[in-house]
Amino acid sequence: MTTSMKLLPLALAAALFTMTPVLAQDAGDDAIVAEATVPKAKLVDRYTDLAGSPEAAADLVSDLRSGGDFVVLEEVTTTTTNPDGTTTTTTSTVERTIVNPNGPMGWGEVNITLSLAQALVDAGTAPDLQSALTGVTTTTTNPDGTTTTTTSGGVLAMRADGMGWGAIAKEMGFKLGSLISAGNRNEAAAAAKAERATGKAERVTGKPERVAKVERPERPAKIDRPERPERPAKPERAGR
């Protein structure tokens with residue numbers, strides 16, 4: 001085999017390597033991921049409010065884990081004009097399928113993703129879960145009348161671009177370690193509270209009922225003593 005033929009496979013491997021996105025890791029990312037790794041059931045319970053329901057949370061966690069597209073629940077408000085000129089506003093919940101820009105992740109990375117998304121929604125930086133995960137879309141009108149649509153942010157979008165978890169959190173204005181630690185503390189506190197409540201209920205339930213106090217029988221009425229008969233008079237002694 002000639003030297004040029006030996007170099008060809010190496011060149012192809014290098015080209016393929018440059019085509020594959022490389023996910024950067026900040027110093028300490030591995031430790032944060034390890035701290036954030038919890039079972040699926042805990043993630044579902046922790047992010048039920050964010051997803052909209054336990055079922056939606058379970059599907060979201062599984063889809064993020066596998067890297068597949070996911071569904072989010074979104075409230076849509078519609079205003080219609082009635083024939084009499086009045087308007088009627090209705091709000092309904094719809095399912096929206098979102099293309100996942102990122103690949104499969106471990107449970108710790110799923111926790112980090114949803115923790116950052118929750119922080120963005122709570123802070124008002126992202127209007128909804130979809131925007132928090134895939135970015136906020138903004139449409140501007142140009143001077144010539146055309147429009148330009150841009151998308152910025154988004155935890156999954158930034159991760160797909162190769163940013164480390166610590167860098168993503170910093171870009172969004174959060175401290176990743178603080179977010180994960182706070183989530184673990186809140187969960188531990190809730191579990192301890194539930195355990196104390198269960199133990200208290202068991203103690204109350206297991207305590208025997210107090211026996212009712214037996215009433216004392218009434219004391220019999222005191223029997224009157226019969227009157228002592230009068231002592232007969234002593235006869236006088238005869239004179240001496």
# chains A, B, ... in the order shown; residues from 1 in each chain; ligands from 1

$ select_by_dssp --residues "stretch 52-215 of chain A" --states "strand (DSSP E or B)" --output "compact mmCIF listing (two decimals) with N, CA and C atoms, in the first residue's frame"
# COMPACT_ATOMS: atom_id res chain seq x y z
N PHE A 70 -40.78 16.29 20.83
CA PHE A 70 -41.63 16.22 22.01
C PHE A 70 -42.86 17.09 21.84
N VAL A 71 -43.84 16.85 22.71
CA VAL A 71 -45.11 17.58 22.66
C VAL A 71 -45.23 18.43 23.91
N VAL A 72 -45.64 19.70 23.74
CA VAL A 72 -45.89 20.58 24.87
C VAL A 72 -47.35 21.00 24.84
N LEU A 73 -47.89 21.25 26.04
CA LEU A 73 -49.26 21.74 26.16
C LEU A 73 -49.22 23.26 26.20
N GLU A 74 -50.05 23.87 25.41
CA GLU A 74 -50.05 25.33 25.31
C GLU A 74 -51.48 25.86 25.36
N GLU A 75 -51.67 26.91 26.15
CA GLU A 75 -52.99 27.54 26.23
C GLU A 75 -53.12 28.57 25.12
N VAL A 76 -54.16 28.42 24.32
CA VAL A 76 -54.41 29.32 23.19
C VAL A 76 -55.69 30.10 23.47
N THR A 77 -55.59 31.42 23.40
CA THR A 77 -56.75 32.29 23.62
C THR A 77 -57.24 32.82 22.28
N THR A 78 -58.53 32.62 22.03
CA THR A 78 -59.13 33.03 20.77
C THR A 78 -60.27 34.00 21.04
N THR A 79 -60.28 35.11 20.31
CA THR A 79 -61.35 36.11 20.43
C THR A 79 -62.13 36.17 19.13
N THR A 80 -63.43 35.97 19.21
CA THR A 80 -64.29 36.01 18.02
C THR A 80 -65.32 37.12 18.17
N THR A 81 -65.71 37.69 17.03
CA THR A 81 -66.72 38.75 17.02
C THR A 81 -68.09 38.16 16.72
N THR A 87 -67.80 40.64 21.52
CA THR A 87 -66.73 39.66 21.32
C THR A 87 -66.78 38.59 22.41
N THR A 88 -66.35 37.42 22.04
CA THR A 88 -66.28 36.30 22.96
C THR A 88 -64.86 35.76 22.97
N THR A 89 -64.30 35.64 24.17
CA THR A 89 -62.93 35.15 24.31
C THR A 89 -62.96 33.77 24.95
N THR A 90 -62.30 32.82 24.33
CA THR A 90 -62.22 31.46 24.86
C THR A 90 -60.76 31.04 24.95
N THR A 91 -60.46 30.22 25.96
CA THR A 91 -59.11 29.70 26.14
C THR A 91 -59.16 28.18 26.14
N SER A 92 -58.31 27.58 25.34
CA SER A 92 -58.27 26.12 25.25
C SER A 92 -56.82 25.65 25.30
N THR A 93 -56.64 24.40 25.70
CA THR A 93 -55.30 23.81 25.77
C THR A 93 -55.08 22.93 24.55
N VAL A 94 -54.00 23.19 23.84
CA VAL A 94 -53.69 22.42 22.63
C VAL A 94 -52.31 21.79 22.77
N GLU A 95 -52.11 20.70 22.05
CA GLU A 95 -50.81 20.04 22.01
C GLU A 95 -50.02 20.53 20.80
N ARG A 96 -48.75 20.84 21.04
CA ARG A 96 -47.90 21.32 19.95
C ARG A 96 -46.63 20.46 19.90
N THR A 97 -46.37 19.89 18.74
CA THR A 97 -45.17 19.06 18.57
C THR A 97 -43.97 19.94 18.23
N ILE A 98 -42.90 19.75 18.98
CA ILE A 98 -41.69 20.57 18.82
C ILE A 98 -40.54 19.69 18.33
N VAL A 136 -36.61 31.87 21.73
CA VAL A 136 -37.65 32.88 21.56
C VAL A 136 -37.58 33.43 20.14
N THR A 137 -38.70 33.35 19.46
CA THR A 137 -38.76 33.80 18.06
C THR A 137 -39.26 35.24 18.01
N THR A 138 -38.52 36.09 17.31
CA THR A 138 -38.87 37.50 17.18
C THR A 138 -38.96 37.87 15.70
N THR A 139 -40.02 38.57 15.34
CA THR A 139 -40.20 39.02 13.96
C THR A 139 -40.13 40.54 13.92
N THR A 140 -39.25 41.07 13.09
CA THR A 140 -39.10 42.52 12.94
C THR A 140 -39.40 42.93 11.50
N THR A 141 -39.91 44.14 11.36
CA THR A 141 -40.24 44.67 10.04
C THR A 141 -39.10 45.55 9.55
N THR A 147 -40.12 41.35 6.37
CA THR A 147 -39.96 40.97 7.77
C THR A 147 -38.82 39.98 7.92
N THR A 148 -38.19 40.04 9.07
CA THR A 148 -37.10 39.12 9.39
C THR A 148 -37.41 38.42 10.70
N THR A 149 -37.36 37.11 10.68
CA THR A 149 -37.65 36.31 11.88
C THR A 149 -36.35 35.71 12.41
N THR A 150 -36.09 35.93 13.68
CA THR A 150 -34.88 35.39 14.31
C THR A 150 -35.27 34.63 15.57
N THR A 151 -34.49 33.64 15.90
CA THR A 151 -34.70 32.85 17.12
C THR A 151 -33.45 32.92 17.97
N SER A 152 -33.63 33.25 19.23
CA SER A 152 -32.48 33.37 20.13
C SER A 152 -32.74 32.58 21.40

$ residues_around --residues "A:Met158" --least-positions-apart "3" --cutoff "12 Å" --atoms "only C-alpha atoms" --output "VMD selection string"
chain A and resid 21 23 to 24 100 to 102 113 116 132 to 136 151 to 155 161 to 172

$ atom_distance --atom1 "atom CA of A:Asp128" --atom2 "atom CA of A:Asn186"
22.8 Å

$ decode --residues "stretch 18-113 of chain A" --atoms "C-alpha atoms" --output "short mmCIF file (atom, residue, chain, number, x, y, z; two decimals), in the first residue's frame"
data_model
loop_
_atom_site.label_atom_id
_atom_site.label_comp_id
_atom_site.auth_asym_id
_atom_site.auth_seq_id
_atom_site.Cartn_x
_atom_site.Cartn_y
_atom_site.Cartn_z
CA THR A 18 -15.29 17.97 11.73
CA MET A 19 -18.83 17.39 10.46
CA THR A 20 -19.98 16.01 13.84
CA PRO A 21 -20.95 18.68 16.42
CA VAL A 22 -18.79 18.55 19.49
CA LEU A 23 -20.48 19.29 22.81
CA ALA A 24 -18.12 21.37 24.89
CA GLN A 25 -17.82 20.65 28.57
CA ASP A 26 -17.09 23.35 31.10
CA ALA A 27 -14.94 22.60 34.09
CA GLY A 28 -17.27 21.12 36.69
CA ASP A 29 -19.97 20.07 34.19
CA ASP A 30 -19.45 16.39 34.99
CA ALA A 31 -19.91 17.02 38.72
CA ILE A 32 -23.09 19.02 38.12
CA VAL A 33 -24.49 16.33 35.82
CA ALA A 34 -23.76 13.70 38.47
CA GLU A 35 -25.51 15.79 41.15
CA ALA A 36 -28.49 16.33 38.86
CA THR A 37 -28.92 12.64 38.02
CA VAL A 38 -32.14 11.38 39.61
CA PRO A 39 -34.64 8.66 38.58
CA LYS A 40 -37.26 9.37 35.94
CA ALA A 41 -40.11 9.25 38.47
CA LYS A 42 -38.61 12.16 40.41
CA LEU A 43 -38.17 14.22 37.24
CA VAL A 44 -41.80 13.61 36.27
CA ASP A 45 -42.99 14.69 39.71
CA ARG A 46 -40.68 17.72 39.79
CA TYR A 47 -41.71 19.11 36.40
CA THR A 48 -45.41 18.23 36.28
CA ASP A 49 -46.46 21.87 36.71
CA LEU A 50 -44.04 22.99 34.01
CA ALA A 51 -45.28 20.40 31.50
CA GLY A 52 -48.96 20.83 32.35
CA SER A 53 -49.84 17.35 33.63
CA PRO A 54 -48.17 14.18 34.97
CA GLU A 55 -48.73 12.44 31.63
CA ALA A 56 -47.22 15.33 29.65
CA ALA A 57 -44.25 15.46 32.04
CA ALA A 58 -43.62 11.72 31.63
CA ASP A 59 -43.69 12.00 27.84
CA LEU A 60 -41.47 15.09 27.85
CA VAL A 61 -38.85 13.48 30.10
CA SER A 62 -38.80 10.32 27.95
CA ASP A 63 -38.52 12.28 24.68
CA LEU A 64 -35.66 14.42 25.98
CA ARG A 65 -33.91 11.27 27.18
CA SER A 66 -34.19 9.59 23.75
CA GLY A 67 -33.55 12.77 21.75
CA GLY A 68 -36.90 12.54 19.96
CA ASP A 69 -39.35 15.32 19.13
CA PHE A 70 -41.63 16.22 22.01
CA VAL A 71 -45.11 17.58 22.66
CA VAL A 72 -45.89 20.58 24.87
CA LEU A 73 -49.26 21.74 26.16
CA GLU A 74 -50.05 25.33 25.31
CA GLU A 75 -52.99 27.54 26.23
CA VAL A 76 -54.41 29.32 23.19
CA THR A 77 -56.75 32.29 23.62
CA THR A 78 -59.13 33.03 20.77
CA THR A 79 -61.35 36.11 20.43
CA THR A 80 -64.29 36.01 18.02
CA THR A 81 -66.72 38.75 17.02
CA ASN A 82 -70.39 37.91 17.43
CA PRO A 83 -73.13 39.02 14.98
CA ASP A 84 -74.30 41.66 17.46
CA GLY A 85 -70.83 43.24 17.55
CA THR A 86 -69.79 41.87 20.91
CA THR A 87 -66.73 39.66 21.32
CA THR A 88 -66.28 36.30 22.96
CA THR A 89 -62.93 35.15 24.31
CA THR A 90 -62.22 31.46 24.86
CA THR A 91 -59.11 29.70 26.14
CA SER A 92 -58.27 26.12 25.25
CA THR A 93 -55.30 23.81 25.77
CA VAL A 94 -53.69 22.42 22.63
CA GLU A 95 -50.81 20.04 22.01
CA ARG A 96 -47.90 21.32 19.95
CA THR A 97 -45.17 19.06 18.57
CA ILE A 98 -41.69 20.57 18.82
CA VAL A 99 -38.69 19.43 16.81
CA ASN A 100 -35.88 18.52 19.18
CA PRO A 101 -32.64 20.14 17.96
CA ASN A 102 -30.55 18.11 20.37
CA GLY A 103 -29.69 14.42 20.65
CA PRO A 104 -30.16 11.84 23.41
CA MET A 105 -29.24 12.85 26.96
CA GLY A 106 -28.72 11.21 30.33
CA TRP A 107 -31.14 11.73 33.23
CA GLY A 108 -28.85 14.35 34.75
CA GLU A 109 -28.81 16.35 31.52
CA VAL A 110 -32.61 16.07 31.24
CA ASN A 111 -32.86 17.47 34.76
CA ILE A 112 -30.51 20.33 33.90
CA THR A 113 -32.45 21.12 30.72
#
